[in-house]
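These notes concern the structure reproduced below.
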Amino acid sequence: PLFQQATYLKSAPNLGSCPEDVGYEVAFAGRSNAGKSSALNVITSQKSLARTSKTPGRTQLINFFTCDEERSLVDLPGYGFAKVNINVKKAWEAGLAEYIEKRTALKGLILLMDCRLPPTDIDIVMLDWTKALDLPVHVLLTKADKLSKNQAQASLFKLQAMLKEQYPHATAQLFSSLKRQGLDQAWAKLEGWMNY
Ligand code: GTP
Ligand code: MG
């Protein structure tokens with residue numbers, strides 16, 4: 001498929017150091033440890049494109065992966081990592097906000113949420129920001145392998161009901177990087193946003 005050509009381009013600490021703002025970009029966001037880097041690896045069919053870690057908060061920069069001349073995937077810093085200094089945390093959040101608000105190439109946001117946990121305050125903030133910016137969001141409810149089929153479905157239905165009511169710019173699906181569950185659906189969303 002389309003994203004196997006993805007290669008690491010660069011890591012930027014802020015919007016000013018990002019690559020040229022052209023083409024199509026889709027970013028992956030979510031709380032630390034939600035499984036962003038794992039999902040990126042599975043979606044690009046690469047074992048260790050984005051660094052994965054058992055220590056939350058490892059991805060602290062905006063990481064760019066080039067798919068072709070006009071398309072990139074972006075691994076954003078995980079938010080809400082408790083063990084980080086408050087000023088560091090604030091700087092990350094400001095950097096995230098700036099990237100999401102001002103990046104013209106950004107066509108959609110993949111928001112990762114652990115299917116076992118309720119959305120965090122900052123997940124809600126992300127949904128509010130993107131709604132105001134009219135930026136489409138697709139939620140991957142990750143680690144679906146950790147729940148029974150019924151529990152996972154219930155978690156999806158609950159989220160979808162909330163999105164339908166308050167965040168019609170957002171869609172959602174179950175996903176497991178471990179079991180490669182939900183890949184076709186995730187690919188289809190990315191292909192649509194990236195104008196393949
Ligand atoms: P930060 O970079 O710290 O923000 O984290 P991240 O969101 O990139 O999470 P990462 O992909 O590094 O995964 C965090 C942990 O969850 C790792 O131990 C992964 O192996 C595990 N994990 C990720 N996805 C899945 C999944 O689908 N199923 C299961 N069972 N574990 C997963
Ligand atoms: Mg990561």
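Residues are named by chain letter and number: chains run A, B, ... in the order of the structure tokens, numbers start at 1 in each chain, and ligands are numbered from 1 in the order shown.
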Give me, as a PDB file with C-alpha atoms, in the first residue's frame, all polymer residues having an atom no more than 7 Å from Phe64 of chain A, counting only C-alpha atoms and skipping those fewer than 5 positions away in the same chain.
ATOM      1  CA  TYR A   8      11.947   9.823   8.433  1.00  0.00           C
ATOM      2  CA  LEU A   9      12.595  13.403   7.357  1.00  0.00           C
ATOM      3  CA  LYS A  10      13.207  15.508  10.476  1.00  0.00           C
ATOM      4  CA  SER A  11      12.124  16.423  13.992  1.00  0.00           C
ATOM      5  CA  SER A  72       3.841  13.461   4.879  1.00  0.00           C
ATOM      6  CA  LEU A  73       2.769  11.838   8.103  1.00  0.00           C
ATOM      7  CA  VAL A  74       3.526  13.593  11.377  1.00  0.00           C
ATOM      8  CA  ASP A  75       3.995  12.110  14.851  1.00  0.00           C
TER       9      ASP A  75
END
Excluding Lys131 of chain A and residues on its chain fewer than 5 positions from it, collect all residues at most 12 Å away from it, counting only C-alpha atoms, and give them as an MDAnalysis selection string. chainID A and resid 100:101 108:109 124:126 136:137 163 166:170
Using C-alpha atoms, can you write the selected residues to a file as a compact mmCIF listing (two decimals), in the first residue's frame?
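The resulting file, result_33.txt, is reproduced below:
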# COMPACT_ATOMS: atom_id res chain seq x y z
CA ILE A 100 -2.51 22.72 14.44
CA GLU A 101 -3.76 26.27 13.97
CA GLY A 108 -6.59 15.98 9.01
CA LEU A 109 -5.80 14.85 12.52
CA ILE A 124 -11.60 17.36 24.39
CA VAL A 125 -9.53 20.51 23.89
CA MET A 126 -8.17 19.00 20.67
CA PRO A 136 -11.39 16.86 10.19
CA VAL A 137 -10.51 14.37 12.92
CA LEU A 163 -18.99 12.83 18.46
CA GLN A 166 -20.91 17.57 19.75
CA TYR A 167 -18.16 16.99 17.20
CA PRO A 168 -19.65 16.19 13.80
CA HIS A 169 -16.25 16.92 12.17
CA ALA A 170 -14.90 13.77 13.82
Taking 4 positions as the minimum chain separation for residues in the same chain, which residues sit within 7 Å of segment 142-156 of chain A when counting only C-alpha atoms? Answer as a ChimeraX atom specification. /A:34-35,112-115,160,173-177,179
Name the residues of chain A that come out as strand (DSSP E) in a backbone DSSP run; write them as a PyMOL selection string. chain A and resi 7-12+24-30+62-68+71-75+106-114+137-142+170-174
Kindly indicate which residue among A:Asp128, A:Glu191, A:Asp134, A:Asp21 lies nearest to Thr104 of chain A, using only C-alpha atoms for the distances. A:Asp21
Please report the interatomic distance between atom CA of Glu25 of chain A and atom CA of Leu178 of chain A in Å with one decimal.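 Atom CA of Leu178 of chain A lies 24.9 Å from atom CA of Glu25 of chain A.
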Which residue, A:Ala105, A:Ser17, A:Met162, A:Glu98, has the smallest gap to Pro119 of chain A when you use only C-alpha atoms?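 Ranking A:Ala105, A:Ser17, A:Met162, A:Glu98 by distance to Pro119 of chain A, first place goes to A:Met162.
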Best match for closeness to ligand 2 among A:Ala6, A:Ile86, A:Val42, A:Ala50, counting only C-alpha atoms and all ligand atoms: A:Ala50
Non-local contacts of Ile62 of chain A (10 Å; only C-alpha atoms; under 2 positions in same chain excluded) as a PDB file with N, CA and C atoms, in the first residue's frame:
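Final output, saved to out.pdb:
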ATOM      1  N   LYS A  10      12.566  14.713   9.422  1.00  0.00           N
ATOM      2  CA  LYS A  10      13.207  15.508  10.476  1.00  0.00           C
ATOM      3  C   LYS A  10      12.310  15.649  11.687  1.00  0.00           C
ATOM      4  N   SER A  11      12.873  16.105  12.787  1.00  0.00           N
ATOM      5  CA  SER A  11      12.124  16.423  13.992  1.00  0.00           C
ATOM      6  C   SER A  11      12.234  17.915  14.249  1.00  0.00           C
ATOM      7  N   ALA A  12      11.092  18.537  14.488  1.00  0.00           N
ATOM      8  CA  ALA A  12      11.085  19.983  14.706  1.00  0.00           C
ATOM      9  C   ALA A  12      10.583  20.292  16.108  1.00  0.00           C
ATOM     10  N   PRO A  13      11.247  21.191  16.828  1.00  0.00           N
ATOM     11  CA  PRO A  13      10.787  21.553  18.168  1.00  0.00           C
ATOM     12  C   PRO A  13       9.599  22.511  18.133  1.00  0.00           C
ATOM     13  N   ASN A  14       9.374  23.194  17.008  1.00  0.00           N
ATOM     14  CA  ASN A  14       8.274  24.159  16.918  1.00  0.00           C
ATOM     15  C   ASN A  14       7.930  24.409  15.451  1.00  0.00           C
ATOM     16  N   LEU A  15       6.880  25.202  15.247  1.00  0.00           N
ATOM     17  CA  LEU A  15       6.389  25.443  13.889  1.00  0.00           C
ATOM     18  C   LEU A  15       7.457  26.055  12.993  1.00  0.00           C
ATOM     19  N   SER A  17      10.534  25.558  12.832  1.00  0.00           N
ATOM     20  CA  SER A  17      11.548  24.644  12.290  1.00  0.00           C
ATOM     21  C   SER A  17      10.943  23.497  11.483  1.00  0.00           C
ATOM     22  N   CYS A  18       9.634  23.584  11.193  1.00  0.00           N
ATOM     23  CA  CYS A  18       8.998  22.538  10.387  1.00  0.00           C
ATOM     24  C   CYS A  18       9.425  22.673   8.919  1.00  0.00           C
ATOM     25  N   ALA A  27      -1.501  14.455  10.767  1.00  0.00           N
ATOM     26  CA  ALA A  27      -0.768  14.348  12.028  1.00  0.00           C
ATOM     27  C   ALA A  27      -1.450  13.380  12.982  1.00  0.00           C
ATOM     28  N   PHE A  28      -0.638  12.718  13.792  1.00  0.00           N
ATOM     29  CA  PHE A  28      -1.113  11.785  14.804  1.00  0.00           C
ATOM     30  C   PHE A  28      -0.929  12.425  16.177  1.00  0.00           C
ATOM     31  N   THR A  59       8.146  10.772  22.674  1.00  0.00           N
ATOM     32  CA  THR A  59       8.101  11.576  21.460  1.00  0.00           C
ATOM     33  C   THR A  59       7.876  13.028  21.859  1.00  0.00           C
ATOM     34  N   GLN A  60       8.938  13.836  21.890  1.00  0.00           N
ATOM     35  CA  GLN A  60       8.790  15.198  22.389  1.00  0.00           C
ATOM     36  C   GLN A  60       8.946  16.239  21.295  1.00  0.00           C
ATOM     37  N   PHE A  64       8.530  14.365  11.371  1.00  0.00           N
ATOM     38  CA  PHE A  64       8.000  14.319  10.003  1.00  0.00           C
ATOM     39  C   PHE A  64       8.494  13.090   9.264  1.00  0.00           C
ATOM     40  N   VAL A  74       2.878  12.865  10.300  1.00  0.00           N
ATOM     41  CA  VAL A  74       3.526  13.593  11.377  1.00  0.00           C
ATOM     42  C   VAL A  74       3.168  12.975  12.729  1.00  0.00           C
ATOM     43  N   ASP A  75       4.186  12.653  13.498  1.00  0.00           N
ATOM     44  CA  ASP A  75       3.995  12.110  14.851  1.00  0.00           C
ATOM     45  C   ASP A  75       4.167  13.272  15.834  1.00  0.00           C
ATOM     46  N   LEU A  76       3.080  13.649  16.485  1.00  0.00           N
ATOM     47  CA  LEU A  76       3.132  14.803  17.394  1.00  0.00           C
ATOM     48  C   LEU A  76       3.532  14.375  18.807  1.00  0.00           C
ATOM     49  N   PRO A  77       4.050  15.297  19.600  1.00  0.00           N
ATOM     50  CA  PRO A  77       4.408  14.943  20.976  1.00  0.00           C
ATOM     51  C   PRO A  77       3.182  14.497  21.771  1.00  0.00           C
ATOM     52  N   GLY A  78       3.311  13.444  22.529  1.00  0.00           N
ATOM     53  CA  GLY A  78       2.215  12.979  23.377  1.00  0.00           C
ATOM     54  C   GLY A  78       1.953  14.000  24.467  1.00  0.00           C
ATOM     55  N   TRP A  92       5.262  22.475  25.168  1.00  0.00           N
ATOM     56  CA  TRP A  92       4.758  21.468  24.214  1.00  0.00           C
ATOM     57  C   TRP A  92       3.367  21.831  23.751  1.00  0.00           C
ATOM     58  N   GLY A  95       3.280  24.683  21.452  1.00  0.00           N
ATOM     59  CA  GLY A  95       3.831  24.262  20.156  1.00  0.00           C
ATOM     60  C   GLY A  95       2.803  23.487  19.362  1.00  0.00           C
ATOM     61  N   LEU A  96       2.107  22.600  20.031  1.00  0.00           N
ATOM     62  CA  LEU A  96       1.043  21.800  19.401  1.00  0.00           C
ATOM     63  C   LEU A  96      -0.057  22.687  18.847  1.00  0.00           C
ATOM     64  N   TYR A  99       1.096  24.580  15.758  1.00  0.00           N
ATOM     65  CA  TYR A  99       1.166  23.704  14.584  1.00  0.00           C
ATOM     66  C   TYR A  99      -0.233  23.432  14.022  1.00  0.00           C
TER      67      TYR A  99
END
For a quick check of understanding, using only C-alpha atoms and all ligand atoms, which of A:Leu106, A:Ala39, A:Leu183, A:Ala97 has the smallest distance to ligand 1?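 Counting only C-alpha atoms and all ligand atoms, the residue closest to ligand 1 is A:Ala39.
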Can you work out the spacing between atom CA of Ser48 of chain A and atom CA of Trp193 of chain A in Å, to one decimal?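 Result for atom CA of Ser48 of chain A versus atom CA of Trp193 of chain A: 24.1 Å, one decimal.
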Give the helix (DSSP H, G or I) residues of chain A, as assigned by DSSP on the backbone, as a PDB file with C-alpha atoms, in the first residue's frame.
ATOM      1  CA  LEU A   2       0.660   3.687  -0.185  1.00  0.00           C
ATOM      2  CA  PHE A   3       2.450   4.520   3.022  1.00  0.00           C
ATOM      3  CA  GLN A   4       5.225   1.922   2.873  1.00  0.00           C
ATOM      4  CA  GLN A   5       7.567   4.407   1.242  1.00  0.00           C
ATOM      5  CA  LEU A  15       6.389  25.443  13.889  1.00  0.00           C
ATOM      6  CA  GLY A  16       9.280  27.649  12.818  1.00  0.00           C
ATOM      7  CA  SER A  17      11.548  24.644  12.290  1.00  0.00           C
ATOM      8  CA  LYS A  36       0.633   6.944  18.279  1.00  0.00           C
ATOM      9  CA  SER A  37       4.068   5.718  17.278  1.00  0.00           C
ATOM     10  CA  SER A  38       2.913   2.079  17.200  1.00  0.00           C
ATOM     11  CA  ALA A  39      -0.020   3.004  14.953  1.00  0.00           C
ATOM     12  CA  LEU A  40       2.260   4.935  12.603  1.00  0.00           C
ATOM     13  CA  ASN A  41       4.564   1.950  12.327  1.00  0.00           C
ATOM     14  CA  VAL A  42       1.697  -0.424  11.503  1.00  0.00           C
ATOM     15  CA  ILE A  43       0.093   2.006   9.047  1.00  0.00           C
ATOM     16  CA  ILE A  86       5.201  22.093  34.065  1.00  0.00           C
ATOM     17  CA  ASN A  87       7.063  24.631  31.920  1.00  0.00           C
ATOM     18  CA  VAL A  88       8.208  21.941  29.501  1.00  0.00           C
ATOM     19  CA  LYS A  89       4.611  20.749  29.345  1.00  0.00           C
ATOM     20  CA  LYS A  90       3.287  24.235  28.636  1.00  0.00           C
ATOM     21  CA  ALA A  91       5.842  24.743  25.891  1.00  0.00           C
ATOM     22  CA  TRP A  92       4.758  21.468  24.214  1.00  0.00           C
ATOM     23  CA  GLU A  93       1.110  22.407  24.385  1.00  0.00           C
ATOM     24  CA  ALA A  94       1.753  25.850  22.925  1.00  0.00           C
ATOM     25  CA  GLY A  95       3.831  24.262  20.156  1.00  0.00           C
ATOM     26  CA  LEU A  96       1.043  21.800  19.401  1.00  0.00           C
ATOM     27  CA  ALA A  97      -1.587  24.532  19.274  1.00  0.00           C
ATOM     28  CA  GLU A  98       0.552  26.627  16.938  1.00  0.00           C
ATOM     29  CA  TYR A  99       1.166  23.704  14.584  1.00  0.00           C
ATOM     30  CA  ILE A 100      -2.505  22.723  14.438  1.00  0.00           C
ATOM     31  CA  GLU A 101      -3.759  26.271  13.966  1.00  0.00           C
ATOM     32  CA  LYS A 102      -1.280  27.536  11.419  1.00  0.00           C
ATOM     33  CA  ASP A 121      -9.450  16.957  29.078  1.00  0.00           C
ATOM     34  CA  ILE A 122      -6.865  17.642  26.425  1.00  0.00           C
ATOM     35  CA  ASP A 123      -8.508  15.197  24.006  1.00  0.00           C
ATOM     36  CA  ILE A 124     -11.599  17.359  24.394  1.00  0.00           C
ATOM     37  CA  VAL A 125      -9.535  20.511  23.887  1.00  0.00           C
ATOM     38  CA  MET A 126      -8.172  18.998  20.668  1.00  0.00           C
ATOM     39  CA  LEU A 127     -11.715  18.232  19.493  1.00  0.00           C
ATOM     40  CA  ASP A 128     -12.761  21.815  20.304  1.00  0.00           C
ATOM     41  CA  TRP A 129      -9.784  23.398  18.511  1.00  0.00           C
ATOM     42  CA  THR A 130     -10.189  21.270  15.403  1.00  0.00           C
ATOM     43  CA  LYS A 131     -13.920  21.929  15.319  1.00  0.00           C
ATOM     44  CA  ALA A 132     -13.279  25.686  15.418  1.00  0.00           C
ATOM     45  CA  LEU A 133     -10.671  25.311  12.654  1.00  0.00           C
ATOM     46  CA  ALA A 144      -8.721  -2.757  21.108  1.00  0.00           C
ATOM     47  CA  ASP A 145      -7.031  -6.141  21.694  1.00  0.00           C
ATOM     48  CA  LYS A 146      -7.083  -5.372  25.424  1.00  0.00           C
ATOM     49  CA  LYS A 149     -15.199  -7.684  21.307  1.00  0.00           C
ATOM     50  CA  ASN A 150     -18.335  -6.543  23.111  1.00  0.00           C
ATOM     51  CA  GLN A 151     -16.522  -4.180  25.427  1.00  0.00           C
ATOM     52  CA  ALA A 152     -14.624  -2.674  22.504  1.00  0.00           C
ATOM     53  CA  GLN A 153     -17.849  -2.154  20.528  1.00  0.00           C
ATOM     54  CA  ALA A 154     -19.494  -0.530  23.542  1.00  0.00           C
ATOM     55  CA  SER A 155     -16.549   1.833  23.888  1.00  0.00           C
ATOM     56  CA  LEU A 156     -16.803   2.760  20.191  1.00  0.00           C
ATOM     57  CA  PHE A 157     -20.576   3.327  20.314  1.00  0.00           C
ATOM     58  CA  LYS A 158     -20.248   5.550  23.352  1.00  0.00           C
ATOM     59  CA  LEU A 159     -17.614   7.704  21.697  1.00  0.00           C
ATOM     60  CA  GLN A 160     -19.501   7.847  18.390  1.00  0.00           C
ATOM     61  CA  ALA A 161     -22.618   9.071  20.184  1.00  0.00           C
ATOM     62  CA  MET A 162     -20.627  11.905  21.761  1.00  0.00           C
ATOM     63  CA  LEU A 163     -18.988  12.833  18.458  1.00  0.00           C
ATOM     64  CA  LYS A 164     -22.282  12.816  16.595  1.00  0.00           C
ATOM     65  CA  GLU A 165     -23.787  15.174  19.112  1.00  0.00           C
ATOM     66  CA  GLN A 166     -20.910  17.574  19.751  1.00  0.00           C
ATOM     67  CA  LEU A 183      -5.924  -0.977   9.180  1.00  0.00           C
ATOM     68  CA  ASP A 184      -8.056  -0.881   6.009  1.00  0.00           C
ATOM     69  CA  GLN A 185     -10.396   1.665   7.542  1.00  0.00           C
ATOM     70  CA  ALA A 186      -7.511   3.848   8.745  1.00  0.00           C
ATOM     71  CA  TRP A 187      -5.790   3.666   5.343  1.00  0.00           C
ATOM     72  CA  ALA A 188      -9.013   4.675   3.587  1.00  0.00           C
ATOM     73  CA  LYS A 189      -9.314   7.764   5.780  1.00  0.00           C
ATOM     74  CA  LEU A 190      -5.695   8.779   5.169  1.00  0.00           C
ATOM     75  CA  GLU A 191      -6.007   8.211   1.423  1.00  0.00           C
ATOM     76  CA  GLY A 192      -9.064  10.447   1.286  1.00  0.00           C
ATOM     77  CA  TRP A 193      -7.403  13.264   3.228  1.00  0.00           C
TER      78      TRP A 193
END
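Distances from A:Arg180, A:Glu70, A:Leu141, A:Met194 to Ser45 of chain A were compared using only C-alpha atoms, and the smallest one belongs to A:Arg180.
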